[in-house]
file my_file11.txt (compact mmCIF, C-alpha atoms)
# COMPACT_ATOMS: atom_id res chain seq x y z
CA MET N 251 -24.66 6.01 -3.69
CA SER N 252 -27.71 3.96 -4.59
CA ASN N 253 -26.35 0.95 -2.69
CA ILE N 254 -26.98 2.73 0.64
CA SER N 255 -30.50 3.01 2.02
CA TRP N 256 -30.91 6.15 4.09
CA HIS N 257 -34.20 5.12 5.69
CA LEU N 258 -33.78 3.91 9.27
CA PRO N 259 -37.02 3.09 11.11
CA PRO N 260 -37.11 4.20 14.78
CA SER N 261 -37.67 0.58 15.86
CA VAL N 262 -34.37 -0.56 14.39
CA GLN N 263 -31.61 -0.90 16.97
CA PRO N 264 -27.92 -1.24 16.09
CA HIS N 265 -26.25 -4.50 17.02
CA ALA N 266 -22.78 -5.96 16.92
CA SER N 267 -22.49 -7.64 13.52
CA TRP N 268 -18.94 -8.77 14.27
CA VAL N 269 -16.77 -9.48 17.29
CA VAL N 270 -13.02 -8.95 17.59
CA ASP N 271 -12.35 -12.37 19.14
CA ASP N 272 -14.24 -14.10 16.32
CA LEU N 273 -12.08 -12.63 13.56
CA PRO N 274 -9.83 -15.21 11.81
CA TRP N 275 -6.61 -13.98 13.40
CA ASP N 276 -4.83 -17.18 12.37
CA GLU N 277 -5.28 -16.14 8.73
CA LEU N 278 -3.34 -12.90 9.19
CA GLU N 279 -0.49 -12.52 6.66
CA PRO N 280 1.98 -10.12 8.33
CA ALA N 281 4.52 -10.36 5.51
CA ARG N 282 2.13 -8.46 3.24
CA ILE N 283 2.22 -5.34 5.40
CA ALA N 284 4.93 -5.46 8.09
CA SER N 285 7.48 -3.49 6.05
CA ASP N 286 5.02 -0.71 5.16
CA GLU N 287 5.74 2.24 7.47
CA THR N 288 2.86 4.27 6.12
CA MET N 289 0.36 1.55 6.97
CA PHE N 290 1.88 1.18 10.42
CA PHE N 291 1.32 4.85 11.22
CA LEU N 292 -2.14 4.85 9.64
CA LEU N 293 -3.28 1.93 11.78
CA ALA N 294 -1.52 2.90 15.02
CA SER N 295 -2.91 6.44 14.82
CA ALA N 296 -6.42 5.22 14.04
CA SER N 297 -6.30 2.74 16.93
CA PHE N 298 -5.34 5.52 19.39
CA VAL N 299 -8.22 7.77 18.36
CA GLU N 300 -10.86 5.02 18.13
CA ILE N 301 -10.06 3.55 21.52
CA THR N 302 -10.41 6.98 23.17
CA THR N 303 -14.09 7.22 22.25
CA ASP N 304 -15.21 7.33 25.86
CA LEU N 305 -13.76 10.85 26.24
CA TYR N 306 -15.96 12.52 23.66
CA THR N 307 -18.91 10.20 24.31
CA GLN N 308 -19.21 11.74 27.77
CA ASN N 309 -19.15 15.21 26.24
CA LEU N 310 -21.98 14.25 23.88
CA VAL N 311 -24.01 12.59 26.64
CA GLU N 312 -23.87 15.81 28.64
CA HIS N 313 -24.73 17.87 25.55
CA TYR N 314 -27.88 15.79 24.95
CA ALA N 315 -28.88 15.35 28.59
CA GLY N 316 -32.63 14.86 28.89
CA ASP N 317 -33.00 13.09 25.55
CA SER N 318 -33.00 9.47 26.70
CA GLU N 319 -33.17 8.01 23.19
CA VAL N 320 -30.02 9.80 22.02
CA VAL N 321 -28.15 9.36 25.31
CA ASN N 322 -28.93 5.63 25.47
CA TRP N 323 -27.89 5.08 21.88
CA LEU N 324 -24.62 6.95 22.41
CA SER N 325 -23.79 5.06 25.60
CA ASP N 326 -25.10 1.58 24.78
CA HIS N 327 -24.38 1.29 21.05
CA TRP N 328 -22.23 3.98 19.50
CA GLN N 329 -19.52 4.03 22.16
CA PRO N 330 -19.10 0.21 22.42
CA GLU N 331 -18.94 -0.12 18.64
CA GLU N 332 -16.37 2.65 18.33
CA LEU N 333 -14.29 1.13 21.12
CA GLN N 334 -14.43 -2.23 19.34
CA HIS N 335 -12.89 -0.56 16.30
CA GLY N 336 -10.01 0.61 18.46
CA VAL N 337 -9.56 -2.81 20.07
CA ALA N 338 -9.49 -4.54 16.68
CA LEU N 339 -6.93 -2.10 15.27
CA LYS N 340 -4.81 -2.30 18.43
CA ARG N 341 -4.70 -6.09 18.25
CA TYR N 342 -3.87 -5.96 14.56
CA VAL N 343 -0.98 -3.55 15.15
CA GLN N 344 0.36 -5.67 18.00
CA LYS N 345 0.26 -8.84 15.91
CA VAL N 346 1.91 -7.35 12.82
CA TRP N 347 4.43 -5.20 14.72
CA PRO N 348 4.98 -7.13 17.99
CA ASP N 349 8.04 -5.07 18.97
CA PHE N 350 5.97 -1.89 19.09
CA ASP N 351 5.00 -0.96 22.66
CA TRP N 352 1.43 0.10 21.89
CA ASP N 353 0.51 0.78 25.51
CA ARG N 354 3.42 3.13 26.12
CA ALA N 355 2.75 5.05 22.91
CA TYR N 356 -0.95 5.30 23.76
CA GLN N 357 -0.22 6.65 27.24
CA GLY N 358 1.73 9.51 25.69
CA PHE N 359 -0.99 10.13 23.12
CA PHE N 360 -3.77 10.11 25.71
CA ALA N 361 -2.01 12.52 28.05
CA GLU N 362 -1.72 15.09 25.27
CA TYR N 363 -4.95 14.41 23.37
CA ALA N 364 -7.20 14.46 26.46
CA LYS N 365 -6.38 18.14 27.01
CA LEU N 366 -7.94 18.98 23.63
CA CYS N 367 -11.04 16.80 23.93
CA ASN N 368 -13.54 18.92 25.82
CA ALA N 369 -17.13 20.13 25.61
CA GLU N 370 -16.02 23.46 24.16
CA GLN N 371 -15.47 21.68 20.83
CA LEU N 372 -19.18 20.94 20.48
CA GLU N 373 -21.55 23.07 18.42
CA VAL N 374 -23.87 25.54 20.15
CA THR N 375 -27.16 23.91 19.17
CA ARG N 376 -28.04 20.25 19.29
CA THR N 377 -29.04 20.33 15.62
CA GLN N 378 -25.66 21.68 14.56
CA GLU N 379 -23.81 19.13 16.69
CA MET N 380 -25.73 16.34 14.97
CA VAL N 381 -24.62 17.83 11.66
CA ALA N 382 -21.04 17.81 12.95
CA ARG N 383 -21.44 14.17 13.94
CA CYS N 384 -22.69 13.36 10.44
CA MET N 385 -19.59 15.03 9.04
CA VAL N 386 -17.29 13.05 11.33
CA GLU N 387 -18.97 9.78 10.33
CA THR N 388 -18.69 10.79 6.69
CA GLY N 389 -14.95 11.14 7.18
CA THR N 390 -14.47 7.89 9.07
CA SER N 391 -16.63 5.77 6.77
CA SER N 392 -14.78 7.20 3.76
CA TYR N 393 -11.41 6.64 5.45
CA TYR N 394 -12.10 2.97 6.10
CA THR N 395 -13.54 2.52 2.62
CA MET N 396 -10.25 3.86 1.28
CA LEU N 397 -8.24 1.64 3.63
CA ARG N 398 -10.25 -1.43 2.61
CA ASP N 399 -9.71 -0.79 -1.08
CA PHE N 400 -6.04 0.16 -0.75
CA CYS N 401 -4.71 -2.55 1.56
CA THR N 402 -3.69 -5.99 0.30
CA GLU N 403 -3.63 -7.94 3.58
CA PRO N 404 -6.89 -9.98 3.67
CA LEU N 405 -7.66 -9.70 7.40
CA LEU N 406 -7.11 -5.94 7.44
CA LYS N 407 -9.35 -5.63 4.40
CA ARG N 408 -12.07 -7.47 6.31
CA ILE N 409 -11.63 -5.36 9.47
CA ALA N 410 -11.72 -2.13 7.45
CA HIS N 411 -14.90 -3.30 5.70
CA TYR N 412 -16.62 -4.07 9.01
CA ILE N 413 -15.64 -0.72 10.51
CA ARG N 414 -16.71 1.10 7.35
CA ASN N 415 -20.16 -0.47 7.56
CA ASP N 416 -20.46 0.43 11.25
CA GLU N 417 -19.57 4.05 10.52
CA ILE N 418 -22.18 4.30 7.78
CA GLY N 419 -24.71 2.88 10.24
CA HIS N 420 -23.69 5.52 12.77
CA TYR N 421 -24.14 8.22 10.14
CA LYS N 422 -27.71 7.06 9.59
CA TYR N 423 -28.53 7.40 13.26
CA PHE N 424 -26.92 10.80 13.62
CA TYR N 425 -28.75 11.94 10.50
CA ARG N 426 -32.08 10.73 11.86
CA TYR N 427 -31.49 12.57 15.14
CA PHE N 428 -30.40 15.63 13.18
CA ARG N 429 -33.74 15.67 11.36
CA GLN N 430 -35.62 15.39 14.66
CA TYR N 431 -33.74 18.30 16.20
CA ALA N 432 -33.95 20.39 13.03
CA GLU N 433 -37.74 20.23 13.29
CA ARG N 434 -37.64 21.39 16.90
CA GLU N 435 -34.95 24.07 16.74
CA HIS N 436 -35.62 25.44 13.24
CA VAL N 437 -31.92 25.94 12.54
CA SER N 438 -31.30 27.65 9.21
CA ARG N 439 -29.59 26.02 6.28
CA TRP N 440 -26.84 28.60 6.64
CA ALA N 441 -26.19 27.48 10.25
CA ILE N 442 -26.07 23.88 9.07
CA LEU N 443 -23.59 24.80 6.37
CA GLN N 444 -21.45 26.60 8.95
CA ALA N 445 -21.37 23.47 11.14
CA LEU N 446 -20.36 21.37 8.15
CA TRP N 447 -17.65 23.83 7.15
CA THR N 448 -16.26 23.94 10.69
CA ARG N 449 -15.78 20.18 10.65
CA ILE N 450 -14.33 20.18 7.16
CA ARG N 451 -11.72 22.73 8.24
CA GLU N 452 -10.81 20.52 11.18
CA ILE N 453 -10.03 17.49 9.02
CA ASP N 454 -6.30 18.14 9.27
CA THR N 455 -6.27 18.97 12.99
CA GLU N 456 -3.78 18.28 15.74
CA ASP N 457 -5.28 14.84 16.43
CA GLY N 458 -3.38 13.19 13.60
CA LEU N 459 -0.12 14.91 14.47
CA ILE N 460 -0.37 13.93 18.13
CA ALA N 461 -1.10 10.28 17.29
CA TYR N 462 1.70 10.11 14.72
CA LYS N 463 4.20 11.77 17.05
CA HIS N 464 3.72 9.35 19.92
CA ALA N 465 3.67 6.33 17.61
CA PHE N 466 6.89 7.55 15.97
CA GLN N 467 8.70 8.25 19.24
CA VAL N 468 8.06 4.73 20.51
CA ARG N 469 8.70 2.97 17.19
CA HIS N 470 11.91 4.95 16.52
CA PRO N 471 13.28 5.98 19.95
CA ASP N 472 16.71 6.61 18.43
CA LEU N 473 15.44 9.19 15.93
CA PRO N 474 14.45 12.78 16.74
CA PHE N 475 10.88 13.73 15.92
CA ASP N 476 10.07 16.90 14.04
CA PRO N 477 6.88 18.06 12.27
CA GLY N 478 8.58 17.57 8.91
CA ARG N 479 8.33 13.81 9.33
CA TYR N 480 4.60 14.14 9.81
CA GLU N 481 4.30 16.36 6.74
CA GLN N 482 6.06 13.70 4.68
CA PHE N 483 3.63 11.12 6.03
CA ARG N 484 0.72 13.42 5.10
CA ARG N 485 2.02 13.78 1.55
CA THR N 486 2.18 10.01 1.19
CA LEU N 487 -1.30 9.67 2.65
CA ASN N 488 -2.63 12.31 0.26
CA SER N 489 -1.34 10.35 -2.72
CA ILE N 490 -3.19 7.26 -1.45
CA THR N 491 -6.30 9.33 -0.83
CA ARG N 492 -6.32 10.76 -4.34
CA ALA N 493 -6.34 7.21 -5.74
CA TYR N 494 -8.68 5.40 -3.35
CA PHE N 495 -10.89 7.87 -1.48
CA PRO N 496 -14.65 7.53 -2.29
CA PHE N 497 -15.08 11.21 -3.19
CA ALA N 498 -18.59 10.98 -4.65
CA LEU N 499 -19.90 9.00 -1.66
CA ALA N 500 -18.38 11.47 0.78
CA ALA N 501 -19.80 14.42 -1.15
CA ARG N 502 -23.33 13.00 -1.06
CA MET N 503 -23.09 12.27 2.66
CA THR N 504 -21.74 15.77 3.32
CA LEU N 505 -24.49 17.54 1.39
CA LYS N 506 -27.41 15.43 2.64
CA PRO N 507 -28.13 17.45 5.85
CA LEU N 508 -28.54 20.59 3.71
CA ASN N 509 -31.62 19.05 2.08
CA LEU N 510 -30.88 20.75 -1.22
CA PRO N 511 -33.23 20.55 -4.19
CA THR N 512 -32.34 17.55 -6.33
CA SER N 513 -31.14 19.69 -9.23
CA VAL N 514 -28.89 21.77 -6.96
CA GLU N 515 -27.45 18.71 -5.25
CA ARG N 516 -26.75 17.14 -8.65
CA TRP N 517 -24.45 19.95 -9.76
CA SER N 518 -23.07 20.54 -6.26
CA ILE N 519 -21.57 17.07 -5.92
CA PRO N 520 -18.98 17.51 -8.72
CA LEU N 521 -18.00 20.89 -7.21
CA VAL N 522 -17.44 19.34 -3.79
CA VAL N 523 -15.43 16.51 -5.32
CA SER N 524 -13.30 18.94 -7.30
CA GLY N 525 -12.71 21.06 -4.20
CA ALA N 526 -11.63 18.02 -2.18
CA ARG N 527 -9.23 16.89 -4.90
CA TYR N 528 -7.77 20.40 -5.14
CA PHE N 529 -7.27 20.51 -1.36
CA LEU N 530 -5.28 17.25 -1.50
CA LYS N 531 -2.87 18.77 -4.02
CA GLN N 532 -1.88 21.54 -1.62
call {"tool": "encode", "arguments": {"input": "my_file11.txt", "output": "structure tokens"}}
result
Amino acid sequence: MSNISWHLPPSVQPHASWVVDDLPWDELEPARIASDETMFFLLASASFVEITTDLYTQNLVEHYAGDSEVVNWLSDHWQPEELQHGVALKRYVQKVWPDFDWDRAYQGFFAEYAKLCNAEQLEVTRTQEMVARCMVETGTSSYYTMLRDFCTEPLLKRIAHYIRNDEIGHYKYFYRYFRQYAEREHVSRWAILQALWTRIREIDTEDGLIAYKHAFQVRHPDLPFDPGRYEQFRRTLNSITRAYFPFALAARMTLKPLNLPTSVERWSIPLVVSGARYFLKQ
């Protein structure tokens, strides 16, 4: 992961490096992707979750009340950038699959998902929640790296690349804030590991199922939905993941908050990669 610099000076402020309206939408090649059901559900589901950022941003703002630097960054930079990801993916889905009623599907998703998105999901300490945020950004940056490398439609490849870079930037900020809180709260390495493990276990949570279900019900109103359809989708996604997921990058990002000795981190990375690959076979 030598191509990523982890140093982020406090004076550096994130900025919008791309704008949805400025993307070359006229260069979109729908024929490359329109018949791919797996890609449809991947993108529709991702757009639902990304565009709902304001729900969990408010939870985080309340969790870090009193820390103006963190609160301002969450409200003024992180949230707008995450929402832009959702807007870009929504527009892409609507252009490639114009018959899909995105708004109706999203309304169903939001009504169900909002019940699960509450402050009780946050970690007890601020340090541990920053670790959890690092883990989430590890997952999203890896997901969009995989999407970028897997997809063949040029505009989607560009969008995925932009989002991937944003997510890595977000990781850097969360990691910096994690280090600041770790110095104040003196949270043990074991507590940090527990926070990481909690997020890892939540990778295959209800979020994906809820998003898929509502996208499916609107796209195929004449077909009954059952969890077996989602399981088939997951199996297809796992096969893509095994081939395109940046396992080594994700392992390094996951282990970084533990601040392991270099020698320990060196032999830990292959173990984490092997564990992730084994999990995908299940």
call {"tool": "residues_around", "arguments": {"input": "my_file11.txt", "residues": "Leu443 in chain N", "least_positions_apart": "5", "cutoff": "12 Å", "atoms": "only C-alpha atoms", "output": "list of chain:residue names"}}
result
N:Thr377, N:Gln378, N:Glu379, N:Val381, N:Ala382, N:Met385, N:Val437, N:Ser438, N:Thr448, N:Arg449, N:Ile450, N:Thr504, N:Leu505, N:Lys506, N:Pro507, N:Leu508, N:Asn509, N:Leu510
call {"tool": "residues_around", "arguments": {"input": "my_file11.txt", "residues": "range 269-278 of chain N", "least_positions_apart": "5", "cutoff": "10 Å", "atoms": "all atoms listed in the file", "output": "list of chain:residue names"}}
result
N:Glu331, N:Gln334, N:His335, N:Val337, N:Ala338, N:Leu339, N:Arg341, N:Tyr342, N:Lys345, N:Val346, N:Glu403, N:Pro404, N:Leu405, N:Leu406, N:Arg408, N:Ile409, N:Tyr412
call {"tool": "closest_residue", "arguments": {"input": "my_file11.txt", "among": "N:Ala281, N:Val468, N:Leu473, N:Met380", "to": "Leu310 in chain N", "atoms": "all atoms listed in the file"}}
result
N:Met380
call {"tool": "atom_distance", "arguments": {"input": "my_file11.txt", "atom1": "CA of Arg502 in chain N", "atom2": "CA of Ile519 in chain N"}}
result
6.6 Å
call {"tool": "residues_around", "arguments": {"input": "my_file11.txt", "residues": "Lys407 in chain N", "least_positions_apart": "5", "cutoff": "12 Å", "atoms": "all atoms listed in the file", "output": "list in words"}}
result
Leu273, Leu278, Glu279, Arg282, Ile283, Leu339, Tyr342, Tyr394, Thr395, Met396, Leu397, Arg398, Asp399, Phe400, Cys401, Thr402, Tyr412, Ile413 and Arg414 of chain N
call {"tool": "closest_residue", "arguments": {"input": "my_file11.txt", "among": "N:Gly358, N:Thr302, N:Ala284, N:Arg376", "to": "Ala432 in chain N", "atoms": "all atoms listed in the file"}}
result
N:Arg376
call {"tool": "decode", "arguments": {"input": "my_file11.txt", "residues": "range 324-344 of chain N", "atoms": "N, CA and C atoms", "output": "PDB file, in the first residue's frame"}}
result
ATOM      1  N   LEU N 324     -17.534  16.457  10.034  1.00  0.00           N
ATOM      2  CA  LEU N 324     -18.615  15.529   9.723  1.00  0.00           C
ATOM      3  C   LEU N 324     -19.745  16.228   8.973  1.00  0.00           C
ATOM      4  N   SER N 325     -20.141  17.393   9.450  1.00  0.00           N
ATOM      5  CA  SER N 325     -21.287  18.101   8.884  1.00  0.00           C
ATOM      6  C   SER N 325     -20.972  18.809   7.570  1.00  0.00           C
ATOM      7  N   ASP N 326     -19.785  19.404   7.484  1.00  0.00           N
ATOM      8  CA  ASP N 326     -19.474  20.268   6.339  1.00  0.00           C
ATOM      9  C   ASP N 326     -18.728  19.569   5.222  1.00  0.00           C
ATOM     10  N   HIS N 327     -18.117  18.413   5.508  1.00  0.00           N
ATOM     11  CA  HIS N 327     -17.307  17.745   4.492  1.00  0.00           C
ATOM     12  C   HIS N 327     -17.710  16.293   4.274  1.00  0.00           C
ATOM     13  N   TRP N 328     -17.670  15.521   5.347  1.00  0.00           N
ATOM     14  CA  TRP N 328     -17.960  14.085   5.192  1.00  0.00           C
ATOM     15  C   TRP N 328     -19.374  13.839   4.686  1.00  0.00           C
ATOM     16  N   GLN N 329     -20.360  14.434   5.326  1.00  0.00           N
ATOM     17  CA  GLN N 329     -21.741  14.207   4.916  1.00  0.00           C
ATOM     18  C   GLN N 329     -22.006  14.655   3.468  1.00  0.00           C
ATOM     19  N   PRO N 330     -21.628  15.877   3.063  1.00  0.00           N
ATOM     20  CA  PRO N 330     -21.875  16.282   1.677  1.00  0.00           C
ATOM     21  C   PRO N 330     -21.194  15.369   0.656  1.00  0.00           C
ATOM     22  N   GLU N 331     -19.979  14.919   0.974  1.00  0.00           N
ATOM     23  CA  GLU N 331     -19.277  14.051   0.030  1.00  0.00           C
ATOM     24  C   GLU N 331     -19.948  12.689  -0.066  1.00  0.00           C
ATOM     25  N   GLU N 332     -20.405  12.153   1.067  1.00  0.00           N
ATOM     26  CA  GLU N 332     -21.106  10.876   1.036  1.00  0.00           C
ATOM     27  C   GLU N 332     -22.433  11.005   0.283  1.00  0.00           C
ATOM     28  N   LEU N 333     -23.140  12.090   0.518  1.00  0.00           N
ATOM     29  CA  LEU N 333     -24.396  12.308  -0.196  1.00  0.00           C
ATOM     30  C   LEU N 333     -24.160  12.431  -1.697  1.00  0.00           C
ATOM     31  N   GLN N 334     -23.055  13.069  -2.079  1.00  0.00           N
ATOM     32  CA  GLN N 334     -22.740  13.174  -3.507  1.00  0.00           C
ATOM     33  C   GLN N 334     -22.544  11.798  -4.127  1.00  0.00           C
ATOM     34  N   HIS N 335     -21.958  10.878  -3.369  1.00  0.00           N
ATOM     35  CA  HIS N 335     -21.809   9.513  -3.879  1.00  0.00           C
ATOM     36  C   HIS N 335     -23.179   8.928  -4.200  1.00  0.00           C
ATOM     37  N   GLY N 336     -24.124   9.125  -3.269  1.00  0.00           N
ATOM     38  CA  GLY N 336     -25.465   8.601  -3.487  1.00  0.00           C
ATOM     39  C   GLY N 336     -26.154   9.243  -4.677  1.00  0.00           C
ATOM     40  N   VAL N 337     -25.990  10.556  -4.826  1.00  0.00           N
ATOM     41  CA  VAL N 337     -26.608  11.272  -5.944  1.00  0.00           C
ATOM     42  C   VAL N 337     -26.044  10.784  -7.278  1.00  0.00           C
ATOM     43  N   ALA N 338     -24.732  10.591  -7.330  1.00  0.00           N
ATOM     44  CA  ALA N 338     -24.099  10.113  -8.565  1.00  0.00           C
ATOM     45  C   ALA N 338     -24.590   8.714  -8.937  1.00  0.00           C
ATOM     46  N   LEU N 339     -24.657   7.833  -7.945  1.00  0.00           N
ATOM     47  CA  LEU N 339     -25.111   6.466  -8.210  1.00  0.00           C
ATOM     48  C   LEU N 339     -26.595   6.436  -8.578  1.00  0.00           C
ATOM     49  N   LYS N 340     -27.388   7.268  -7.913  1.00  0.00           N
ATOM     50  CA  LYS N 340     -28.812   7.350  -8.251  1.00  0.00           C
ATOM     51  C   LYS N 340     -28.984   7.779  -9.699  1.00  0.00           C
ATOM     52  N   ARG N 341     -28.300   8.832 -10.102  1.00  0.00           N
ATOM     53  CA  ARG N 341     -28.428   9.312 -11.478  1.00  0.00           C
ATOM     54  C   ARG N 341     -27.966   8.255 -12.468  1.00  0.00           C
ATOM     55  N   TYR N 342     -26.901   7.559 -12.124  1.00  0.00           N
ATOM     56  CA  TYR N 342     -26.404   6.510 -13.018  1.00  0.00           C
ATOM     57  C   TYR N 342     -27.459   5.415 -13.199  1.00  0.00           C
ATOM     58  N   VAL N 343     -28.035   4.965 -12.085  1.00  0.00           N
ATOM     59  CA  VAL N 343     -29.061   3.921 -12.148  1.00  0.00           C
ATOM     60  C   VAL N 343     -30.247   4.391 -12.976  1.00  0.00           C
ATOM     61  N   GLN N 344     -30.671   5.626 -12.789  1.00  0.00           N
ATOM     62  CA  GLN N 344     -31.825   6.136 -13.517  1.00  0.00           C
ATOM     63  C   GLN N 344     -31.555   6.268 -15.013  1.00  0.00           C
TER      64      GLN N 344
END
